[in-house]
$ cat data_19.tsv   # TSV, C-alpha atoms
chain	number	residue	atom	x	y	z
K	1	MET	CA	-2.90	-1.75	-20.25
K	2	ARG	CA	-6.03	0.45	-20.16
K	3	ARG	CA	-8.81	1.37	-22.54
K	4	VAL	CA	-11.17	4.33	-22.83
K	5	PHE	CA	-14.96	3.81	-22.94
K	6	ASN	CA	-16.36	7.33	-22.58
K	7	ARG	CA	-14.96	10.69	-21.67
K	8	PHE	CA	-16.60	13.28	-19.51
K	9	VAL	CA	-15.77	16.93	-19.04
K	10	VAL	CA	-13.31	17.24	-16.17
K	11	ALA	CA	-14.41	19.90	-13.70
K	12	GLY	CA	-11.52	22.12	-12.71
K	13	LEU	CA	-8.03	22.63	-14.06
K	14	LEU	CA	-5.20	20.25	-13.23
K	15	SER	CA	-1.68	21.17	-14.22
K	16	LEU	CA	1.65	22.20	-12.75
K	17	GLY	CA	1.45	25.69	-11.40
K	18	CYS	CA	-2.34	25.73	-11.22
K	19	VAL	CA	-4.01	27.50	-8.33
K	20	GLY	CA	-6.77	25.67	-6.48
K	21	PHE	CA	-7.90	22.10	-6.91
K	22	GLY	CA	-8.16	20.06	-10.10
K	23	LEU	CA	-10.97	17.50	-10.02
K	24	TRP	CA	-10.24	13.90	-10.97
K	25	HIS	CA	-13.22	11.82	-12.06
K	26	ALA	CA	-13.30	8.05	-12.22
K	27	THR	CA	-14.86	5.67	-14.69
K	28	GLN	CA	-18.42	4.71	-15.33
K	29	ALA	CA	-18.57	1.16	-16.61
K	30	VAL	CA	-19.00	-1.85	-14.34
K	31	THR	CA	-17.66	-5.28	-15.32
K	32	ALA	CA	-20.50	-7.33	-16.87
K	33	ALA	CA	-22.97	-4.44	-16.56
K	34	PRO	CA	-25.35	-3.84	-19.49
K	35	GLN	CA	-24.14	-1.25	-21.95
K	36	GLY	CA	-25.20	2.23	-20.96
K	37	VAL	CA	-25.60	1.44	-17.27
K	38	SER	CA	-23.64	3.91	-15.16
K	39	ILE	CA	-22.60	4.04	-11.55
K	40	GLN	CA	-21.76	6.98	-9.36
K	41	VAL	CA	-18.18	6.73	-8.13
K	42	PRO	CA	-16.08	8.75	-5.67
K	43	THR	CA	-14.48	11.87	-7.11
K	44	PHE	CA	-11.52	13.76	-5.70
K	45	GLY	CA	-9.68	17.07	-6.01
K	46	VAL	CA	-5.94	17.12	-5.49
K	47	ASP	CA	-4.61	19.57	-2.91
K	48	PRO	CA	-1.44	21.05	-4.50
K	49	PHE	CA	-0.42	22.75	-1.23
K	50	TRP	CA	-0.32	19.64	0.97
K	51	PRO	CA	1.99	18.92	2.71
K	52	LYS	CA	3.77	22.11	3.68
K	53	PRO	CA	7.49	22.38	2.82
K	54	LEU	CA	9.74	20.44	5.18
K	55	PRO	CA	12.03	22.34	7.58
K	56	ASN	CA	15.80	22.03	7.93
K	57	HIS	CA	16.40	21.69	4.18
K	58	TRP	CA	15.02	18.15	4.43
K	59	ILE	CA	13.93	16.11	1.42
K	60	VAL	CA	12.53	12.59	1.19
K	61	GLY	CA	13.52	9.54	-0.81
K	62	SER	CA	11.14	6.90	-2.12
K	63	VAL	CA	8.05	7.13	0.08
K	64	ILE	CA	7.17	3.56	0.85
K	65	GLY	CA	4.36	3.68	3.42
K	66	VAL	CA	1.52	5.86	4.71
K	67	ALA	CA	-1.02	5.65	7.52
K	68	VAL	CA	-3.67	7.89	9.08
K	69	ASP	CA	-4.12	7.79	12.85
K	70	ALA	CA	-7.15	8.44	15.06
K	71	LYS	CA	-6.49	12.22	15.00
K	72	ASP	CA	-6.32	12.26	11.17
K	73	HIS	CA	-2.59	12.84	11.41
K	74	VAL	CA	-0.78	11.42	8.40
K	75	TRP	CA	2.36	9.30	8.85
K	76	ILE	CA	4.81	8.35	6.13
K	77	ILE	CA	7.98	6.28	5.97
K	78	HIS	CA	10.58	6.84	3.27
K	79	ARG	CA	13.94	5.41	2.22
K	80	PRO	CA	16.76	7.89	2.85
K	81	LYS	CA	19.22	5.63	1.02
K	82	THR	CA	17.36	6.17	-2.27
K	83	LEU	CA	18.34	9.83	-2.39
K	84	GLN	CA	21.01	10.38	-5.04
K	85	LYS	CA	24.15	12.44	-4.69
K	86	ASN	CA	22.83	15.14	-6.98
K	87	GLU	CA	19.78	15.50	-4.70
K	88	LEU	CA	21.94	16.07	-1.63
K	89	ARG	CA	23.95	19.01	-2.94
K	90	ALA	CA	24.61	22.18	-0.96
K	91	SER	CA	22.63	22.15	2.29
K	92	TRP	CA	19.92	19.64	1.31
K	93	LYS	CA	19.79	16.48	3.39
K	94	SER	CA	17.55	13.50	4.05
K	95	ALA	CA	14.67	13.81	6.47
K	96	PRO	CA	14.40	11.14	9.18
K	97	PRO	CA	12.63	8.00	7.89
K	98	VAL	CA	9.33	8.46	9.79
K	99	LEU	CA	7.43	11.75	9.46
K	100	GLU	CA	4.12	12.81	11.03
K	101	PHE	CA	1.94	15.59	9.56
K	102	ASP	CA	-1.18	17.22	10.98
K	103	PRO	CA	-4.30	17.50	8.78
K	104	ALA	CA	-3.15	20.90	7.48
K	105	GLY	CA	0.13	19.38	6.25
K	106	ASN	CA	2.43	20.76	8.93
K	107	LEU	CA	5.26	18.47	10.02
K	108	VAL	CA	4.77	17.81	13.74
K	109	SER	CA	7.18	14.96	14.57
K	110	TRP	CA	9.97	12.87	13.07
K	111	TRP	CA	12.16	9.96	14.08
K	112	GLY	CA	13.51	6.60	12.92
K	113	GLY	CA	16.68	4.84	11.89
K	114	PRO	CA	19.08	2.49	13.70
K	115	GLY	CA	18.95	2.45	17.49
K	116	VAL	CA	19.64	0.42	20.61
K	117	GLY	CA	17.67	-2.78	21.18
K	118	TYR	CA	16.27	-3.33	17.68
K	119	GLU	CA	17.31	-4.00	14.09
K	120	TRP	CA	16.30	-1.17	11.79
K	121	PRO	CA	15.59	-2.61	8.32
K	122	ALA	CA	18.14	-2.51	5.54
K	123	SER	CA	15.26	-1.29	3.36
K	124	GLU	CA	12.22	0.45	4.85
K	125	HIS	CA	8.80	-0.76	3.71
K	126	GLY	CA	5.29	-0.18	5.04
K	127	LEU	CA	3.89	1.66	8.05
K	128	TYR	CA	0.72	1.32	10.15
K	129	VAL	CA	-0.61	3.23	13.16
K	130	ASP	CA	-2.97	1.16	15.30
K	131	ALA	CA	-5.94	2.28	17.40
K	132	LYS	CA	-3.72	2.68	20.48
K	133	GLY	CA	-1.35	4.99	18.61
K	134	SER	CA	1.48	2.48	18.25
K	135	VAL	CA	3.48	2.78	15.02
K	136	TRP	CA	4.48	-0.39	13.17
K	137	THR	CA	7.08	-0.58	10.41
K	138	GLY	CA	7.96	-3.34	7.94
K	139	SER	CA	11.00	-4.11	5.82
K	140	SER	CA	12.03	-5.32	2.38
K	141	GLY	CA	15.78	-5.85	2.45
K	142	GLY	CA	17.02	-9.26	1.32
K	143	LYS	CA	17.91	-10.32	4.88
K	144	ASP	CA	15.16	-8.37	6.64
K	145	ALA	CA	12.89	-10.69	8.62
K	146	GLN	CA	11.43	-8.31	11.19
K	147	VAL	CA	8.54	-6.03	12.04
K	148	LEU	CA	9.09	-3.22	14.56
K	149	LYS	CA	6.68	-1.51	16.95
K	150	PHE	CA	7.25	1.97	18.40
K	151	THR	CA	5.34	4.52	20.43
K	152	ARG	CA	4.14	7.51	18.45
K	153	ASP	CA	7.17	9.48	19.63
K	154	GLY	CA	9.57	6.84	18.36
K	155	LYS	CA	10.37	4.82	21.49
K	156	PHE	CA	11.06	1.17	20.69
K	157	VAL	CA	8.48	-1.31	22.03
K	158	LEU	CA	8.70	-4.68	20.23
K	159	GLN	CA	10.54	-6.55	17.49
K	160	ILE	CA	9.11	-9.68	15.87
K	161	GLY	CA	11.63	-11.68	13.83
K	162	HIS	CA	15.35	-11.11	13.31
K	163	GLN	CA	17.48	-10.25	10.29
K	164	GLY	CA	19.03	-13.18	8.47
K	165	ARG	CA	16.99	-15.86	10.28
K	166	ASN	CA	14.09	-16.41	7.88
K	167	LEU	CA	13.45	-20.14	7.33
K	168	GLY	CA	10.70	-19.72	4.72
K	169	SER	CA	6.98	-19.24	4.48
K	170	ASN	CA	6.16	-21.63	7.33
K	171	ASP	CA	8.57	-20.11	9.86
K	172	THR	CA	6.66	-19.18	13.04
K	173	GLU	CA	9.36	-16.86	14.46
K	174	ASN	CA	10.73	-14.84	11.54
K	175	MET	CA	9.45	-13.30	8.35
K	176	GLY	CA	10.82	-12.81	4.86
K	177	SER	CA	10.94	-9.10	4.02
K	178	PRO	CA	7.48	-8.31	5.48
K	179	ALA	CA	5.98	-5.61	3.29
K	180	ASN	CA	3.07	-4.24	5.28
K	181	MET	CA	0.76	-4.84	8.19
K	182	THR	CA	-2.50	-4.00	9.94
K	183	VAL	CA	-3.89	-4.54	13.45
K	184	ASP	CA	-7.25	-6.05	14.35
K	185	ALA	CA	-7.99	-3.97	17.44
K	186	ASP	CA	-10.82	-6.18	18.71
K	187	ALA	CA	-8.65	-9.30	18.76
K	188	ASN	CA	-5.38	-7.45	19.45
K	189	GLU	CA	-3.79	-9.26	16.51
K	190	LEU	CA	-1.16	-8.06	14.05
K	191	TYR	CA	-1.64	-9.23	10.44
K	192	VAL	CA	1.52	-9.10	8.31
K	193	ALA	CA	1.77	-9.26	4.51
K	194	ASP	CA	4.90	-11.40	4.40
K	195	GLY	CA	6.03	-10.40	1.77
K	196	TYR	CA	8.92	-10.22	-0.67
K	197	GLY	CA	10.82	-13.28	0.55
K	198	ASN	CA	7.91	-15.28	1.98
K	199	HIS	CA	4.50	-15.81	0.43
K	200	ARG	CA	1.85	-15.63	3.12
K	201	ILE	CA	-0.24	-13.75	5.65
K	202	VAL	CA	1.01	-14.33	9.20
K	203	VAL	CA	-0.75	-13.27	12.41
K	204	PHE	CA	0.86	-12.43	15.78
K	205	ASP	CA	-0.32	-11.20	19.14
K	206	ALA	CA	0.03	-7.42	18.92
K	207	THR	CA	1.29	-7.08	22.50
K	208	THR	CA	3.65	-10.01	22.96
K	209	GLY	CA	4.53	-10.86	19.36
K	210	ALA	CA	3.53	-14.49	19.91
K	211	TYR	CA	2.77	-16.43	16.73
K	212	LYS	CA	-0.95	-17.19	16.14
K	213	ARG	CA	-1.48	-18.57	12.60
K	214	HIS	CA	-0.60	-18.13	8.92
K	215	TRP	CA	-1.87	-19.02	5.47
K	216	GLY	CA	-1.00	-18.77	1.81
K	217	ALA	CA	-3.05	-18.24	-1.36
K	218	TYR	CA	-6.57	-19.70	-1.22
K	219	GLY	CA	-6.11	-20.18	2.53
K	220	LYS	CA	-3.78	-23.14	2.03
K	221	LYS	CA	-0.38	-23.86	3.53
K	222	PRO	CA	2.25	-21.91	1.59
K	223	ASP	CA	4.73	-23.96	-0.43
K	224	ASP	CA	7.95	-22.21	-1.41
K	225	SER	CA	8.94	-25.08	-3.72
K	226	PHE	CA	6.39	-23.76	-6.23
K	227	PHE	CA	8.71	-20.91	-7.14
K	228	LYS	CA	11.64	-23.14	-7.94
K	229	SER	CA	9.48	-25.39	-10.09
K	230	ALA	CA	8.04	-22.36	-11.86
K	231	ASN	CA	11.56	-21.08	-12.61
K	232	ASP	CA	11.04	-18.13	-10.31
K	233	ARG	CA	13.86	-17.02	-8.09
K	234	GLY	CA	13.99	-19.03	-4.90
K	235	GLY	CA	13.58	-17.01	-1.72
K	236	MET	CA	13.57	-13.26	-2.33
K	237	GLN	CA	11.12	-12.28	-5.05
K	238	THR	CA	11.66	-9.22	-7.23
K	239	GLU	CA	9.11	-7.39	-9.32
K	240	GLU	CA	10.80	-8.14	-12.63
K	241	SER	CA	11.47	-11.83	-11.97
K	242	SER	CA	8.25	-12.98	-10.34
K	243	GLY	CA	7.49	-15.56	-13.04
K	244	TYR	CA	3.93	-14.32	-13.56
K	245	SER	CA	2.26	-14.80	-16.96
K	246	PRO	CA	-1.30	-13.56	-17.61
K	247	ASN	CA	-1.95	-16.62	-19.80
K	248	ASP	CA	-1.17	-19.14	-17.06
K	249	PRO	CA	-3.82	-20.57	-14.71
K	250	PRO	CA	-4.14	-18.64	-11.44
K	251	ALA	CA	-1.06	-19.30	-9.32
K	252	PRO	CA	-1.65	-21.62	-6.34
K	253	GLN	CA	0.73	-19.46	-4.24
K	254	PHE	CA	1.06	-15.80	-3.43
K	255	ARG	CA	3.99	-14.16	-5.22
K	256	ILE	CA	4.66	-10.80	-3.58
K	257	THR	CA	2.24	-10.47	-0.66
K	258	HIS	CA	2.34	-6.69	-0.59
K	259	ALA	CA	-0.47	-5.47	1.68
K	260	VAL	CA	-3.20	-6.72	4.02
K	261	ARG	CA	-6.24	-4.70	5.13
K	262	ILE	CA	-9.28	-5.57	7.27
K	263	ALA	CA	-12.72	-4.14	6.47
K	264	LYS	CA	-15.25	-3.17	9.15
K	265	ASP	CA	-17.21	-6.36	8.47
K	266	GLY	CA	-14.15	-8.46	9.29
K	267	LEU	CA	-13.17	-9.54	5.80
K	268	VAL	CA	-9.42	-9.60	5.17
K	269	TYR	CA	-8.16	-8.21	1.83
K	270	VAL	CA	-4.74	-9.25	0.52
K	271	CYS	CA	-2.78	-7.63	-2.32
K	272	ASP	CA	-0.96	-10.35	-4.28
K	273	ARG	CA	0.96	-7.71	-6.18
K	274	THR	CA	2.76	-9.48	-9.03
K	275	ASN	CA	-0.10	-11.95	-9.49
K	276	ASP	CA	-2.31	-8.90	-10.29
K	277	ARG	CA	-4.99	-10.03	-7.88
K	278	ILE	CA	-6.87	-9.36	-4.68
K	279	GLN	CA	-7.80	-12.32	-2.49
K	280	VAL	CA	-10.39	-12.06	0.30
K	281	PHE	CA	-10.47	-14.18	3.47
K	282	HIS	CA	-12.13	-14.56	6.82
K	283	LYS	CA	-9.89	-13.83	9.78
K	284	ASP	CA	-9.15	-17.51	10.30
K	285	GLY	CA	-7.69	-17.72	6.78
K	286	THR	CA	-10.73	-19.25	5.09
K	287	PHE	CA	-10.71	-18.21	1.43
K	288	VAL	CA	-13.75	-16.22	0.21
K	289	LYS	CA	-13.04	-14.96	-3.33
K	290	GLU	CA	-10.49	-13.37	-5.65
K	291	ALA	CA	-10.40	-10.97	-8.57
K	292	PHE	CA	-7.73	-9.91	-11.04
K	293	ILE	CA	-7.02	-6.23	-11.65
K	294	ALA	CA	-5.44	-5.25	-15.00
K	295	LYS	CA	-4.54	-8.91	-15.47
K	296	LYS	CA	-2.23	-8.32	-18.45
K	297	THR	CA	0.15	-6.30	-16.27
K	298	GLN	CA	3.55	-7.89	-15.85
K	299	GLY	CA	6.76	-6.62	-14.23
K	300	SER	CA	5.88	-4.90	-10.97
K	301	GLY	CA	2.22	-5.95	-11.00
K	302	SER	CA	-0.99	-3.99	-10.61
K	303	VAL	CA	-2.25	-4.47	-7.02
K	304	TRP	CA	-0.03	-2.58	-4.56
K	305	ASP	CA	-2.26	-1.56	-1.65
K	306	ILE	CA	-5.91	-1.15	-0.64
K	307	GLY	CA	-7.81	1.70	1.00
K	308	PHE	CA	-11.50	1.58	1.92
K	309	SER	CA	-14.01	4.34	1.22
K	310	ASN	CA	-15.29	5.74	4.51
K	311	ASP	CA	-19.04	5.28	3.92
K	312	PRO	CA	-20.67	2.95	6.49
K	313	GLY	CA	-20.53	-0.08	4.18
K	314	GLN	CA	-17.09	0.73	2.75
K	315	ARG	CA	-18.57	0.26	-0.70
K	316	PHE	CA	-15.41	1.04	-2.67
K	317	LEU	CA	-11.78	-0.04	-2.62
K	318	PHE	CA	-8.98	2.24	-3.82
K	319	VAL	CA	-6.12	0.19	-5.31
K	320	PRO	CA	-2.82	1.89	-6.25
K	321	ASP	CA	-1.19	0.44	-9.37
K	322	GLY	CA	2.42	1.55	-9.60
K	323	THR	CA	2.98	-0.11	-12.96
K	324	ASN	CA	0.05	1.44	-14.85
K	325	GLU	CA	0.48	4.66	-12.79
K	326	THR	CA	-3.11	4.97	-11.60
K	327	ILE	CA	-5.48	4.17	-8.75
K	328	TRP	CA	-8.28	1.73	-9.55
K	329	ILE	CA	-11.69	2.16	-7.93
K	330	VAL	CA	-13.21	-1.22	-7.18
K	331	LEU	CA	-16.66	-2.24	-5.91
K	332	ARG	CA	-15.97	-4.11	-2.69
K	333	ASP	CA	-18.85	-6.58	-2.99
K	334	THR	CA	-18.10	-7.80	-6.53
K	335	LEU	CA	-14.43	-6.71	-6.88
K	336	ALA	CA	-15.33	-5.19	-10.25
K	337	VAL	CA	-13.22	-2.22	-11.39
K	338	VAL	CA	-15.56	0.74	-11.87
K	339	GLY	CA	-13.18	3.64	-12.09
K	340	SER	CA	-9.69	5.06	-12.03
K	341	ILE	CA	-7.94	8.15	-10.74
K	342	GLY	CA	-4.98	9.92	-12.27
K	343	GLY	CA	-2.31	8.90	-14.73
K	344	ALA	CA	1.44	8.88	-15.31
K	345	GLY	CA	3.54	11.96	-14.74
K	346	HIS	CA	5.30	14.15	-12.20
K	347	GLY	CA	2.69	16.92	-12.18
K	348	THR	CA	0.23	17.70	-9.42
K	349	GLY	CA	-2.30	14.88	-9.29
K	350	GLN	CA	-0.24	12.60	-11.53
K	351	PHE	CA	1.71	9.55	-10.36
K	352	TYR	CA	5.14	8.01	-10.67
K	353	GLY	CA	5.13	4.72	-8.77
K	354	PRO	CA	1.97	5.16	-6.62
K	355	HIS	CA	2.73	2.74	-3.80
K	356	SER	CA	0.75	3.07	-0.56
K	357	LEU	CA	-2.63	4.63	0.22
K	358	ALA	CA	-4.52	5.63	3.37
K	359	VAL	CA	-7.95	7.21	3.87
K	360	ASP	CA	-8.88	9.70	6.62
K	361	THR	CA	-12.18	10.15	8.45
K	362	LYS	CA	-13.42	12.71	5.90
K	363	GLY	CA	-12.89	10.35	2.96
K	364	ASN	CA	-9.77	12.11	1.68
K	365	PHE	CA	-6.92	9.85	0.69
K	366	TYR	CA	-3.13	10.12	0.79
K	367	ILE	CA	-0.93	8.39	-1.76
K	368	THR	CA	2.81	7.89	-1.64
K	369	GLU	CA	5.14	7.45	-4.58
K	370	THR	CA	8.20	5.21	-4.72
K	371	TYR	CA	11.05	5.04	-7.27
K	372	GLU	CA	11.77	8.62	-8.36
K	373	GLY	CA	8.28	9.85	-7.43
K	374	LYS	CA	9.50	10.56	-3.88
K	375	ARG	CA	6.48	12.35	-2.48
K	376	VAL	CA	3.06	12.07	-0.80
K	377	GLN	CA	-0.07	13.74	-2.20
K	378	LYS	CA	-3.47	14.48	-0.69
K	379	PHE	CA	-6.71	14.03	-2.64
K	380	LEU	CA	-9.84	15.72	-1.23
K	381	TYR	CA	-13.10	13.77	-1.41
K	382	LYS	CA	-15.68	15.68	-3.51
K	383	GLY	CA	-18.63	13.29	-3.34
K	384	LEU	CA	-20.02	10.84	-5.88
K	385	GLY	CA	-20.04	11.70	-9.58
K	386	PRO	CA	-19.46	10.47	-13.14
K	387	SER	CA	-16.25	9.06	-14.53
K	388	ASN	CA	-13.38	9.72	-16.92
K	389	GLY	CA	-14.00	6.50	-18.86
K	390	VAL	CA	-10.74	4.62	-18.21
K	391	LEU	CA	-10.81	0.92	-17.20
K	392	PRO	CA	-8.17	-1.82	-17.33
K	393	GLU	CA	-8.07	-4.15	-20.30
$ encode --input "data_19.tsv" --output "structure tokens"
Amino acid sequence: MRRVFNRFVVAGLLSLGCVGFGLWHATQAVTAAPQGVSIQVPTFGVDPFWPKPLPNHWIVGSVIGVAVDAKDHVWIIHRPKTLQKNELRASWKSAPPVLEFDPAGNLVSWWGGPGVGYEWPASEHGLYVDAKGSVWTGSSGGKDAQVLKFTRDGKFVLQIGHQGRNLGSNDTENMGSPANMTVDADANELYVADGYGNHRIVVFDATTGAYKRHWGAYGKKPDDSFFKSANDRGGMQTEESSGYSPNDPPAPQFRITHAVRIAKDGLVYVCDRTNDRIQVFHKDGTFVKEAFIAKKTQGSGSVWDIGFSNDPGQRFLFVPDGTNETIWIVLRDTLAVVGSIGGAGHGTGQFYGPHSLAVDTKGNFYITETYEGKRVQKFLYKGLGPSNGVLPE
């Protein structure tokens, strides 16, 4: 899936049991750049002591969402049901689904799960904290069709959509396993990556939940009949049965619409996970451009989430790839891959199912791991530097 161009000396030591911070470097080459031309890319050092151990003998399952709020507090959502019996021996037990950490990694609040007045998802997926401090959660169960909004202390505020009522990718009231979301504070609009069952971006009023607009790949009306004609599974998509082939022409529809993010300049970035691509739009759904990342990747796909570097122009994108077990560094203007961070493994700074990513005000990022990764890690921004020479094929 990846190839090595050049290798540079890695500053620092990175291994299990190491003390201090190992320094990850990213790659040098730019797509279509003349041979020998290099670019300075963000470099990071993993913090092996973040977060602090959880209290109450709590452990987490697959960590399926992360967000950073205005105070640089880090929020995660995990799946308690993914914990196995052998992980819950003796006094160990699942932590509540939603956990809040301060910048030092101390757990400061926790809540979540079924309650009165709302339908907690059968399978948790995605989390976002908006500028007002409201916490939004998504879902990925087969009958999940809802997004939930809470106060930061876990009080229920709003539900959009209802379980078991999804009518497809053009439904204006329900969703189809909505994977993730973001809020445009200026317009007070909620953008939802919808998702595993549907194949679109859908926008709602962030206060009332009223439907505003939606679009599919290339800004066109989504058409669920494409998946039946392409011998994909109708309705709920899975990673292993998405029907994607790297030799086919670009798909006219989103497959798994896994994440949506809005840059400071107003451009909307969509992760079409199992199509291995990023598509970019204006806020009204007008298509701008697309790029494929590690296009030969099949199965679970290569484009899982997007985080923006925190320089004024947000020059770089950070794209977790839970199949190739890395994070791609992408130039935002050209969508060329110019670097990568990390590799497969369970050690400090390595990844097993890197799923969701969020960046704080200092440029540090936080990455969650699904499947049996079951953790969140913090990577400290170290400035611009050379690369480790690994790019996708």
$ residues_around --input "data_19.tsv" --residues "Asn170 in chain K" --least-positions-apart "2" --cutoff "7 Å" --atoms "all atoms listed in the file" --output "PDB file with C-alpha atoms, keeping the file's coordinate frame"
ATOM      1  CA  GLY K 168      10.700 -19.720   4.720  1.00  0.00           C
ATOM      2  CA  THR K 172       6.660 -19.180  13.040  1.00  0.00           C
ATOM      3  CA  PRO K 222       2.250 -21.910   1.590  1.00  0.00           C
TER       4      PRO K 222
END
$ closest_residue --input "data_19.tsv" --among "K:Leu107, K:Ala294, K:Val46, K:Val60" --to "Ile341 in chain K" --atoms "only C-alpha atoms"
K:Val46
$ closest_residue --input "data_19.tsv" --among "K:Val376, K:Ile39, K:Ile306, K:Ala193" --to "His346 in chain K" --atoms "all atoms listed in the file"
K:Val376
$ atom_distance --input "data_19.tsv" --atom1 "CA of Ser139 in chain K" --atom2 "CA of Pro121 in chain K"
5.4 Å
$ closest_residue --input "data_19.tsv" --among "K:Val303, K:Ala358, K:Val338, K:Val203" --to "Phe316 in chain K" --atoms "all atoms listed in the file"
K:Val338
$ residues_around --input "data_19.tsv" --residues "Ile278 in chain K" --least-positions-apart "5" --cutoff "8 Å" --atoms "only C-alpha atoms" --output "list of chain:residue names"
K:Tyr269, K:Val270, K:Cys271, K:Asp272, K:Glu290, K:Ala291, K:Phe292, K:Ile293, K:Val303
$ write_last_selection --input "data_19.tsv" --atoms "C-alpha atoms" --output "PDB file, in the coordinates of the input"
ATOM      1  CA  TYR K 269      -8.160  -8.210   1.830  1.00  0.00           C
ATOM      2  CA  VAL K 270      -4.740  -9.250   0.520  1.00  0.00           C
ATOM      3  CA  CYS K 271      -2.780  -7.630  -2.320  1.00  0.00           C
ATOM      4  CA  ASP K 272      -0.960 -10.350  -4.280  1.00  0.00           C
ATOM      5  CA  GLU K 290     -10.490 -13.370  -5.650  1.00  0.00           C
ATOM      6  CA  ALA K 291     -10.400 -10.970  -8.570  1.00  0.00           C
ATOM      7  CA  PHE K 292      -7.730  -9.910 -11.040  1.00  0.00           C
ATOM      8  CA  ILE K 293      -7.020  -6.230 -11.650  1.00  0.00           C
ATOM      9  CA  VAL K 303      -2.250  -4.470  -7.020  1.00  0.00           C
TER      10      VAL K 303
END
$ closest_residue --input "data_19.tsv" --among "K:Thr368, K:Thr137, K:Gln279, K:Gln163" --to "Arg200 in chain K" --atoms "all atoms listed in the file"
K:Gln279
$ build_atoms --input "data_19.tsv" --residues "range 286-297 of chain K" --atoms "N, CA and C atoms" --output "JSON list (two decimals), keeping the file's coordinate frame"
[["chain", "number", "residue", "atom", "x", "y", "z"],
["K", 286, "THR", "N", -9.83, -18.60, 6.05],
["K", 286, "THR", "CA", -10.73, -19.25, 5.09],
["K", 286, "THR", "C", -10.89, -18.37, 3.86],
["K", 287, "PHE", "N", -10.63, -18.95, 2.69],
["K", 287, "PHE", "CA", -10.71, -18.21, 1.43],
["K", 287, "PHE", "C", -12.16, -17.89, 1.09],
["K", 288, "VAL", "N", -12.41, -16.66, 0.60],
["K", 288, "VAL", "CA", -13.75, -16.22, 0.21],
["K", 288, "VAL", "C", -13.85, -16.04, -1.29],
["K", 289, "LYS", "N", -12.97, -15.23, -1.90],
["K", 289, "LYS", "CA", -13.04, -14.96, -3.33],
["K", 289, "LYS", "C", -11.78, -14.26, -3.77],
["K", 290, "GLU", "N", -11.62, -14.11, -5.09],
["K", 290, "GLU", "CA", -10.49, -13.37, -5.65],
["K", 290, "GLU", "C", -10.94, -12.64, -6.90],
["K", 291, "ALA", "N", -10.17, -11.66, -7.31],
["K", 291, "ALA", "CA", -10.40, -10.97, -8.57],
["K", 291, "ALA", "C", -9.07, -10.45, -9.08],
["K", 292, "PHE", "N", -8.92, -10.44, -10.40],
["K", 292, "PHE", "CA", -7.73, -9.91, -11.04],
["K", 292, "PHE", "C", -7.98, -8.47, -11.46],
["K", 293, "ILE", "N", -6.96, -7.64, -11.28],
["K", 293, "ILE", "CA", -7.02, -6.23, -11.65],
["K", 293, "ILE", "C", -5.96, -5.98, -12.72],
["K", 294, "ALA", "N", -6.38, -5.49, -13.90],
["K", 294, "ALA", "CA", -5.44, -5.25, -15.00],
["K", 294, "ALA", "C", -4.55, -6.49, -15.18],
["K", 295, "LYS", "N", -5.19, -7.60, -15.49],
["K", 295, "LYS", "CA", -4.54, -8.91, -15.47],
["K", 295, "LYS", "C", -3.37, -9.04, -16.44],
["K", 296, "LYS", "N", -3.33, -8.23, -17.48],
["K", 296, "LYS", "CA", -2.23, -8.32, -18.45],
["K", 296, "LYS", "C", -0.95, -7.66, -17.95],
["K", 297, "THR", "N", -1.01, -7.01, -16.80],
["K", 297, "THR", "CA", 0.15, -6.30, -16.27],
["K", 297, "THR", "C", 1.22, -7.29, -15.83]]
